[in-house]
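Visitor: If it helps, the file is called model.cif and holds mmCIF, C-alpha atoms and all ligand atoms:
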```cif
data_protein
loop_
_atom_site.group_PDB
_atom_site.id
_atom_site.type_symbol
_atom_site.label_atom_id
_atom_site.label_comp_id
_atom_site.auth_asym_id
_atom_site.auth_seq_id
_atom_site.Cartn_x
_atom_site.Cartn_y
_atom_site.Cartn_z
ATOM 1 C CA MET A 1 -26.663 28.559 -8.704
ATOM 2 C CA ILE A 2 -28.326 25.172 -9.212
ATOM 3 C CA THR A 3 -27.546 22.773 -6.364
ATOM 4 C CA LYS A 4 -27.411 19.201 -7.536
ATOM 5 C CA THR A 5 -29.285 16.564 -5.567
ATOM 6 C CA PRO A 6 -26.916 14.221 -3.747
ATOM 7 C CA GLU A 7 -27.407 10.470 -3.994
ATOM 8 C CA ILE A 8 -28.420 8.558 -0.901
ATOM 9 C CA ILE A 9 -26.250 5.681 0.278
ATOM 10 C CA LEU A 10 -28.133 3.408 2.671
ATOM 11 C CA ALA A 11 -25.907 2.236 5.563
ATOM 12 C CA LEU A 12 -26.992 -1.392 5.944
ATOM 13 C CA ASP A 13 -26.054 -1.671 9.633
ATOM 14 C CA VAL A 14 -28.422 -4.456 10.691
ATOM 15 C CA ASP A 15 -28.330 -7.419 13.058
ATOM 16 C CA ASN A 16 -28.873 -10.223 10.590
ATOM 17 C CA ARG A 17 -29.158 -11.168 6.943
ATOM 18 C CA GLU A 18 -32.953 -11.422 7.073
ATOM 19 C CA HIS A 19 -33.230 -7.857 8.287
ATOM 20 C CA ALA A 20 -30.861 -6.763 5.534
ATOM 21 C CA GLN A 21 -33.060 -8.472 2.955
ATOM 22 C CA LYS A 22 -36.204 -6.881 4.378
ATOM 23 C CA ILE A 23 -34.698 -3.396 4.285
ATOM 24 C CA LEU A 24 -33.451 -3.858 0.734
ATOM 25 C CA GLN A 25 -36.902 -4.964 -0.358
ATOM 26 C CA ALA A 26 -38.586 -2.068 1.440
ATOM 27 C CA THR A 27 -36.316 0.547 -0.104
ATOM 28 C CA GLY A 28 -36.394 -1.128 -3.523
ATOM 29 C CA GLU A 29 -35.262 0.583 -6.669
ATOM 30 C CA ARG A 30 -35.241 4.065 -5.196
ATOM 31 C CA LEU A 31 -31.700 3.408 -4.002
ATOM 32 C CA GLU A 32 -28.687 2.789 -6.158
ATOM 33 C CA TRP A 33 -26.080 2.573 -3.375
ATOM 34 C CA VAL A 34 -25.828 0.401 -0.271
ATOM 35 C CA LYS A 35 -23.071 0.733 2.312
ATOM 36 C CA VAL A 36 -21.831 -2.490 3.855
ATOM 37 C CA GLY A 37 -19.930 -1.700 7.032
ATOM 38 C CA LEU A 38 -18.094 -3.690 9.651
ATOM 39 C CA GLN A 39 -21.217 -5.030 11.363
ATOM 40 C CA SER A 40 -22.606 -6.668 8.239
ATOM 41 C CA PHE A 41 -19.352 -7.526 6.440
ATOM 42 C CA LEU A 42 -17.778 -9.273 9.423
ATOM 43 C CA ARG A 43 -20.930 -11.377 9.785
ATOM 44 C CA ASP A 44 -21.935 -12.080 6.182
ATOM 45 C CA GLY A 45 -18.687 -11.499 4.308
ATOM 46 C CA PRO A 46 -18.188 -11.194 0.550
ATOM 47 C CA ASP A 47 -21.367 -13.180 -0.084
ATOM 48 C CA LEU A 48 -23.459 -10.214 1.069
ATOM 49 C CA VAL A 49 -21.588 -7.917 -1.309
ATOM 50 C CA HIS A 50 -22.265 -10.261 -4.235
ATOM 51 C CA THR A 51 -25.946 -10.597 -3.322
ATOM 52 C CA ILE A 52 -26.417 -6.827 -3.258
ATOM 53 C CA VAL A 53 -24.572 -6.336 -6.531
ATOM 54 C CA ASP A 54 -26.521 -9.169 -8.160
ATOM 55 C CA SER A 55 -29.715 -7.339 -7.201
ATOM 56 C CA GLY A 56 -28.588 -4.397 -9.322
ATOM 57 C CA LYS A 57 -27.191 -2.073 -6.655
ATOM 58 C CA LYS A 58 -23.733 -0.671 -6.075
ATOM 59 C CA VAL A 59 -21.784 -1.465 -2.927
ATOM 60 C CA PHE A 60 -19.802 0.948 -0.799
ATOM 61 C CA LEU A 61 -17.597 -1.223 1.413
ATOM 62 C CA ASP A 62 -16.935 0.739 4.586
ATOM 63 C CA LEU A 63 -14.030 -1.091 6.198
ATOM 64 C CA LYS A 64 -12.168 2.081 7.229
ATOM 65 C CA LEU A 65 -8.777 0.471 6.738
ATOM 66 C CA HIS A 66 -6.200 1.893 9.159
ATOM 67 C CA ASP A 67 -2.856 0.154 9.535
ATOM 68 C CA ILE A 68 0.740 0.367 8.390
ATOM 69 C CA PRO A 69 1.133 1.074 4.641
ATOM 70 C CA ASN A 70 2.074 -2.476 3.656
ATOM 71 C CA THR A 71 -0.831 -4.040 5.533
ATOM 72 C CA MET A 72 -3.331 -1.571 4.075
ATOM 73 C CA ALA A 73 -2.049 -2.146 0.552
ATOM 74 C CA LYS A 74 -2.176 -5.934 0.975
ATOM 75 C CA ALA A 75 -5.652 -5.743 2.511
ATOM 76 C CA MET A 76 -6.799 -3.882 -0.575
ATOM 77 C CA GLU A 77 -5.296 -6.565 -2.791
ATOM 78 C CA SER A 78 -7.389 -9.106 -0.868
ATOM 79 C CA LEU A 79 -10.503 -7.188 -1.918
ATOM 80 C CA ALA A 80 -9.558 -7.024 -5.589
ATOM 81 C CA ASP A 81 -12.057 -9.682 -6.702
ATOM 82 C CA LEU A 82 -15.017 -7.999 -5.048
ATOM 83 C CA PRO A 83 -17.376 -5.794 -7.075
ATOM 84 C CA ILE A 84 -17.143 -2.723 -4.871
ATOM 85 C CA GLY A 85 -17.857 0.795 -6.048
ATOM 86 C CA MET A 86 -16.376 2.617 -3.058
ATOM 87 C CA LEU A 87 -13.982 1.640 -0.273
ATOM 88 C CA THR A 88 -12.935 3.600 2.822
ATOM 89 C CA LEU A 89 -9.491 4.124 4.379
ATOM 90 C CA HIS A 90 -8.583 6.264 7.352
ATOM 91 C CA ALA A 91 -6.670 9.370 6.267
ATOM 92 C CA ASN A 92 -5.006 9.231 9.699
ATOM 93 C CA ALA A 93 -2.933 6.312 8.417
ATOM 94 C CA GLY A 94 -0.770 8.987 6.773
ATOM 95 C CA GLU A 95 0.695 9.973 3.441
ATOM 96 C CA GLU A 96 2.711 6.856 2.662
ATOM 97 C CA ALA A 97 -0.244 4.564 3.352
ATOM 98 C CA LEU A 98 -2.587 6.722 1.259
ATOM 99 C CA HIS A 99 -0.115 6.796 -1.643
ATOM 100 C CA ARG A 100 0.361 3.036 -1.545
ATOM 101 C CA CYS A 101 -3.397 2.479 -1.421
ATOM 102 C CA ALA A 102 -4.026 4.879 -4.315
ATOM 103 C CA GLN A 103 -1.455 2.927 -6.338
ATOM 104 C CA VAL A 104 -3.000 -0.453 -5.506
ATOM 105 C CA GLY A 105 -6.402 1.021 -6.270
ATOM 106 C CA LYS A 106 -5.319 2.037 -9.757
ATOM 107 C CA GLU A 107 -3.749 -1.324 -10.491
ATOM 108 C CA LYS A 108 -6.073 -3.806 -8.798
ATOM 109 C CA LEU A 109 -9.398 -2.050 -8.148
ATOM 110 C CA PRO A 110 -9.728 0.328 -11.107
ATOM 111 C CA ASN A 111 -13.505 0.562 -10.738
ATOM 112 C CA THR A 112 -13.471 1.384 -7.033
ATOM 113 C CA LEU A 113 -13.518 4.957 -5.764
ATOM 114 C CA LEU A 114 -11.262 5.205 -2.718
ATOM 115 C CA LEU A 115 -12.540 7.394 0.090
ATOM 116 C CA ALA A 116 -10.473 8.835 2.906
ATOM 117 C CA VAL A 117 -12.254 9.176 6.231
ATOM 118 C CA THR A 118 -11.229 12.393 7.980
ATOM 119 C CA VAL A 119 -12.558 13.078 11.492
ATOM 120 C CA LEU A 120 -15.409 10.701 12.365
ATOM 121 C CA THR A 121 -18.785 12.423 12.508
ATOM 122 C CA SER A 122 -19.261 10.973 16.004
ATOM 123 C CA MET A 123 -16.470 13.255 17.281
ATOM 124 C CA ASN A 124 -16.735 16.864 18.367
ATOM 125 C CA GLN A 125 -14.084 19.337 19.454
ATOM 126 C CA GLU A 126 -13.929 17.856 22.932
ATOM 127 C CA SER A 127 -13.482 14.253 21.809
ATOM 128 C CA LEU A 128 -10.862 15.308 19.281
ATOM 129 C CA HIS A 129 -8.935 17.070 22.064
ATOM 130 C CA SER A 130 -9.232 13.979 24.234
ATOM 131 C CA VAL A 131 -7.204 11.978 21.691
ATOM 132 C CA GLY A 132 -4.516 14.636 21.614
ATOM 133 C CA VAL A 133 -5.493 16.707 18.578
ATOM 134 C CA GLU A 134 -5.456 20.364 19.563
ATOM 135 C CA SER A 135 -6.554 21.801 16.194
ATOM 136 C CA PRO A 136 -10.123 22.902 15.625
ATOM 137 C CA VAL A 137 -12.144 20.074 14.005
ATOM 138 C CA ILE A 138 -12.455 21.966 10.737
ATOM 139 C CA GLU A 139 -8.681 22.397 10.453
ATOM 140 C CA GLN A 140 -8.024 18.743 11.192
ATOM 141 C CA VAL A 141 -10.603 17.705 8.592
ATOM 142 C CA GLU A 142 -9.025 20.033 6.022
ATOM 143 C CA ARG A 143 -5.512 18.775 6.837
ATOM 144 C CA LEU A 144 -6.519 15.109 6.414
ATOM 145 C CA ALA A 145 -8.625 15.794 3.318
ATOM 146 C CA SER A 146 -5.787 17.707 1.632
ATOM 147 C CA LEU A 147 -3.341 14.937 2.461
ATOM 148 C CA ALA A 148 -5.689 12.412 0.891
ATOM 149 C CA ALA A 149 -6.321 14.502 -2.216
ATOM 150 C CA GLN A 150 -2.568 15.038 -2.691
ATOM 151 C CA SER A 151 -2.186 11.269 -2.440
ATOM 152 C CA GLU A 152 -4.689 10.858 -5.292
ATOM 153 C CA ILE A 153 -7.519 9.472 -3.194
ATOM 154 C CA GLY A 154 -10.675 10.379 -5.124
ATOM 155 C CA GLY A 155 -13.184 10.968 -2.348
ATOM 156 C CA ILE A 156 -13.422 12.342 1.172
ATOM 157 C CA VAL A 157 -15.719 11.337 4.021
ATOM 158 C CA CYS A 158 -16.494 14.317 6.221
ATOM 159 C CA SER A 159 -19.351 15.850 8.143
ATOM 160 C CA PRO A 160 -21.784 17.996 6.157
ATOM 161 C CA GLN A 161 -20.609 20.885 8.326
ATOM 162 C CA GLU A 162 -17.228 20.854 6.552
ATOM 163 C CA LEU A 163 -18.496 20.662 2.972
ATOM 164 C CA ILE A 164 -18.256 24.328 2.071
ATOM 165 C CA ARG A 165 -14.737 24.655 3.432
ATOM 166 C CA LEU A 166 -13.534 21.494 1.667
ATOM 167 C CA ARG A 167 -15.114 22.476 -1.656
ATOM 168 C CA SER A 168 -13.063 25.647 -1.569
ATOM 169 C CA CYS A 169 -9.725 23.895 -1.096
ATOM 170 C CA LEU A 170 -9.967 20.492 -2.814
ATOM 171 C CA PRO A 171 -9.785 19.662 -6.536
ATOM 172 C CA SER A 172 -13.253 20.070 -8.076
ATOM 173 C CA GLU A 173 -13.410 16.410 -9.101
ATOM 174 C CA THR A 174 -13.003 15.164 -5.507
ATOM 175 C CA LYS A 175 -16.212 13.505 -4.323
ATOM 176 C CA LEU A 176 -17.541 14.534 -0.915
ATOM 177 C CA ILE A 177 -19.461 11.907 1.032
ATOM 178 C CA THR A 178 -21.222 12.814 4.264
ATOM 179 C CA PRO A 179 -22.589 10.689 7.069
ATOM 180 C CA GLY A 180 -23.983 12.561 10.089
ATOM 181 C CA ILE A 181 -27.305 13.117 8.307
ATOM 182 C CA ARG A 182 -30.315 13.585 10.536
ATOM 183 C CA PRO A 183 -33.737 14.616 9.210
ATOM 184 C CA THR A 184 -35.504 17.018 11.566
ATOM 185 C CA GLY A 185 -36.943 15.111 14.522
ATOM 186 C CA SER A 186 -34.946 11.896 14.069
ATOM 187 C CA ALA A 187 -32.763 10.604 16.918
ATOM 188 C CA VAL A 188 -29.219 11.928 16.825
ATOM 189 C CA GLY A 189 -27.676 8.903 18.628
ATOM 190 C CA ASP A 190 -23.866 8.978 18.740
ATOM 191 C CA GLN A 191 -23.462 11.389 15.824
ATOM 192 C CA LYS A 192 -22.140 14.855 16.745
ATOM 193 C CA ARG A 193 -21.497 16.897 13.596
ATOM 194 C CA ILE A 194 -24.857 16.626 11.877
ATOM 195 C CA MET A 195 -27.088 18.375 9.344
ATOM 196 C CA THR A 196 -30.454 17.644 7.770
ATOM 197 C CA PRO A 197 -30.548 16.137 4.254
ATOM 198 C CA LEU A 198 -31.559 19.494 2.745
ATOM 199 C CA GLN A 199 -28.810 21.405 4.567
ATOM 200 C CA ALA A 200 -26.224 18.861 3.362
ATOM 201 C CA LYS A 201 -27.520 19.209 -0.190
ATOM 202 C CA GLN A 202 -27.297 22.993 0.001
ATOM 203 C CA ALA A 203 -23.742 22.710 1.330
ATOM 204 C CA GLY A 204 -22.777 20.671 -1.745
ATOM 205 C CA ALA A 205 -22.616 16.981 -0.774
ATOM 206 C CA ASP A 206 -22.218 14.449 -3.566
ATOM 207 C CA TYR A 207 -23.540 11.561 -1.472
ATOM 208 C CA LEU A 208 -25.412 11.303 1.837
ATOM 209 C CA VAL A 209 -24.791 8.213 3.975
ATOM 210 C CA ILE A 210 -27.910 7.478 6.003
ATOM 211 C CA GLY A 211 -28.496 4.544 8.338
ATOM 212 C CA ARG A 212 -30.611 4.727 11.467
ATOM 213 C CA PRO A 213 -33.022 7.462 10.321
ATOM 214 C CA ILE A 214 -34.196 4.914 7.722
ATOM 215 C CA LEU A 215 -33.426 1.612 9.470
ATOM 216 C CA ALA A 216 -35.038 2.517 12.792
ATOM 217 C CA ALA A 217 -38.127 4.173 11.310
ATOM 218 C CA SER A 218 -41.467 2.433 11.776
ATOM 219 C CA SER A 219 -41.654 2.421 7.977
ATOM 220 C CA PRO A 220 -38.182 2.486 6.357
ATOM 221 C CA SER A 221 -39.874 2.896 2.981
ATOM 222 C CA GLN A 222 -41.763 6.017 4.127
ATOM 223 C CA ALA A 223 -38.629 7.405 5.818
ATOM 224 C CA LEU A 224 -36.722 7.076 2.553
ATOM 225 C CA ASP A 225 -39.567 8.717 0.616
ATOM 226 C CA ASP A 226 -39.619 11.624 3.082
ATOM 227 C CA ILE A 227 -35.880 12.161 2.676
ATOM 228 C CA LEU A 228 -36.088 11.985 -1.126
ATOM 229 C CA CYS A 229 -38.960 14.414 -1.041
ATOM 230 C CA GLU A 230 -37.005 16.828 1.197
ATOM 231 C CA LEU A 231 -34.057 16.654 -1.206
ATOM 232 C CA GLN A 232 -36.104 17.144 -4.335
ATOM 233 C CA GLY A 233 -38.415 19.774 -2.955
HETATM 234 O O1 LIG A 301 -27.004 5.409 11.420
HETATM 235 P P1 LIG A 301 -26.216 6.536 10.874
HETATM 236 O O2 LIG A 301 -26.967 7.371 9.856
HETATM 237 O O3 LIG A 301 -25.561 7.372 11.928
HETATM 238 O O4 LIG A 301 -25.061 5.790 10.064
HETATM 239 C C1 LIG A 301 -23.922 6.435 9.586
HETATM 240 C C2 LIG A 301 -23.041 5.420 8.911
HETATM 241 O O5 LIG A 301 -21.920 6.069 8.391
HETATM 242 C C3 LIG A 301 -22.512 4.335 9.850
HETATM 243 O O6 LIG A 301 -22.499 3.123 9.106
HETATM 244 C C4 LIG A 301 -21.096 4.757 10.166
HETATM 245 O O7 LIG A 301 -20.246 3.661 10.352
HETATM 246 C C5 LIG A 301 -20.708 5.532 8.915
HETATM 247 N N1 LIG A 301 -19.730 6.589 9.106
HETATM 248 C C6 LIG A 301 -19.917 7.637 9.973
HETATM 249 N N2 LIG A 301 -18.964 8.607 10.118
HETATM 250 C C7 LIG A 301 -17.853 8.573 9.405
HETATM 251 C C8 LIG A 301 -17.659 7.538 8.499
HETATM 252 C C9 LIG A 301 -18.641 6.562 8.362
HETATM 253 O O8 LIG A 301 -20.970 7.707 10.626
HETATM 254 N N3 LIG A 301 -16.976 9.536 9.499
#
```
Could you render the structure as structure tokens?
Ligand code: C5P

Guide:
Amino acid sequence: MITKTPEIILALDVDNREHAQKILQATGERLEWVKVGLQSFLRDGPDLVHTIVDSGKKVFLDLKLHDIPNTMAKAMESLADLPIGMLTLHANAGEEALHRCAQVGKEKLPNTLLLAVTVLTSMNQESLHSVGVESPVIEQVERLASLAAQSEIGGIVCSPQELIRLRSCLPSETKLITPGIRPTGSAVGDQKRIMTPLQAKQAGADYLVIGRPILAASSPSQALDDILCELQG
């Protein structure tokens, strides 16, 4: 079986706009996707999204919306004028919220792939238990992913460790996006359910979200090259 090479999404989690600019220049045209998360969006706002899109890249807006259905749906409407290719919601918000968001997505953000976040990759079995979820992580991920897919959310954010299981139970067109990527030797930090880029590719990821292994490297450009080389080789 030929395993397709997943695309890299650079998580632009940086302290200021200048650093963001420097990283974007260093990684250049090798990247098509940039993830703007809470740290950067709350500081730089929609202007950052427009700047990235104007430079020819696609933006994944990682706001992880999690609220009551009406508030989530209205929040999405507030984003309708932004050129975003992907947007995250927490699957934990439940079926009604996911349905409402899928509906708003179709009507107001037809070019945006909605992604449901399952169990954060910074959680392990112990931390999941500590918030009252007794199920094994894999079962909780599958439960949330199935709920999202039934609600017509087009993509799932999970750890690379759950890819094989999710591929076997989700519609084939569902996109699987995995943070928790750590090249051999790079600092794990707060991530718990991790794999290397090559392992995640072999498990069938569509996209790899990678931040600190590139951002914190002495040469972000070289770090990106090494990851691309690992994926292609
Ligand atoms: O630096 P690192 O590679 O750990 O960055 C991972 C990125 O993916 C962060 O921006 C984080 O917010 C995001 N993310 C995650 N786990 C999820 C969903 C998103 O780590 N389940």

Visitor: Measuring atom to atom with only C-alpha atoms and all ligand atoms, identify which of A:Leu120, A:Leu48, A:Ala187, A:Met86 is nearest to ligand LIG 301 (chain A).

Guide: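 When distances to ligand LIG 301 (chain A) are compared using only C-alpha atoms and all ligand atoms, the smallest one comes from A:Leu120.
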
Visitor: Got a sec to resolve the PyMOL selection byres (((chain A and resi 225-227) around 12) and not hetatm) on this structure and send the residues as a PyMOL selection string?

Guide: chain A and resi 5-10+26-31+181-184+186+196-201+208-210+213-214+217+219-224+228-233

Visitor: Quick one: residues within 9 Å of ligand LIG 301 (chain A), with all atoms listed in the file, as an MDAnalysis selection string?

Guide: chainID A and resid 10:13 35:39 62:64 88 117:123 157:159 177:182 188:191 209:216

Visitor: Give me, please, the distance in Å between CA of Lys106 in chain A and CA of Glu139 in chain A, quoted to one decimal.

Guide: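 Computing it gives 28.9 Å between the two atoms.
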
Visitor: So the first atom is CA of Lys175 in chain A and the second is CA of Ala97 in chain A; what is the distance between them in Å, to one decimal place?

Guide: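 CA of Lys175 in chain A sits 19.8 Å away from CA of Ala97 in chain A.
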
Visitor: What would the selection look like, as number ranges by chain, if the PyMOL selection byres (((chain A and resi 204) around 8) and not hetatm) were run on the coordinates I just shared?

Guide: A: 3-4, 6, 163-164, 167, 200-203, 205-206

Visitor: Might you spell out which residues the PyMOL selection byres (((chain A and resi 142) around 10) and not hetatm) would select in the displayed file, as a list in words?

Guide: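 Applying the PyMOL selection byres (((chain A and resi 142) around 10) and not hetatm) to the structure shown produces Thr118, Val119, Val137, Ile138, Glu139, Gln140, Val141, Arg143, Leu144, Ala145, Ser146, Leu147, Ala148, Cys158, Glu162, Leu163, Arg165, Leu166, Cys169 and Leu170 of chain A.
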
Visitor: Using all atoms listed in the file, which of A:Ala102, A:Ile23, A:Ala93, A:Leu113 sits nearest Val59 in chain A?

Guide: A:Leu113

Visitor: Please measure the separation of CA of Ala91 in chain A and CA of Ser127 in chain A, giving the value in Å to one decimal.

Guide: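 CA of Ser127 in chain A lies 17.7 Å from CA of Ala91 in chain A.
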
Visitor: Between A:Glu18, A:Glu173, A:Glu134, A:Glu152, which is the closest to Glu95 in chain A once you count only C-alpha atoms?

Guide: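 Smallest distance to Glu95 in chain A is found for A:Glu152.
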
Visitor: Would you list the residues near (-13.4, -10.2, -5.8), meaning any protein, DNA or RNA residue with an atom at most 12 Å from that point in file coordinates, counting only C-alpha atoms, as a PyMOL selection string?

Guide: chain A and resi 45-47+49-50+53+76-85+108-109+111-112

Visitor: Edge lengths and centre in Å to one decimal, as JSON, is what I'm after for the box along x, y and z that holds all listed atoms of range 41-51 of chain A once 3 Å is added on each side.

Guide:
```
{"center_x": -21.9, "center_y": -10.4, "center_z": 2.8, "size_x": 14.2, "size_y": 11.7, "size_z": 20.0}
```

Visitor: Could you give me, as a list in words, the residues within 6 Å of Leu87 in chain A, counting only C-alpha atoms and dropping anything in the same chain fewer than 5 positions from it?

Guide: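 Surrounding residues, per the criterion: Phe60, Leu61, Asp62, Leu114 and Leu115 of chain A.
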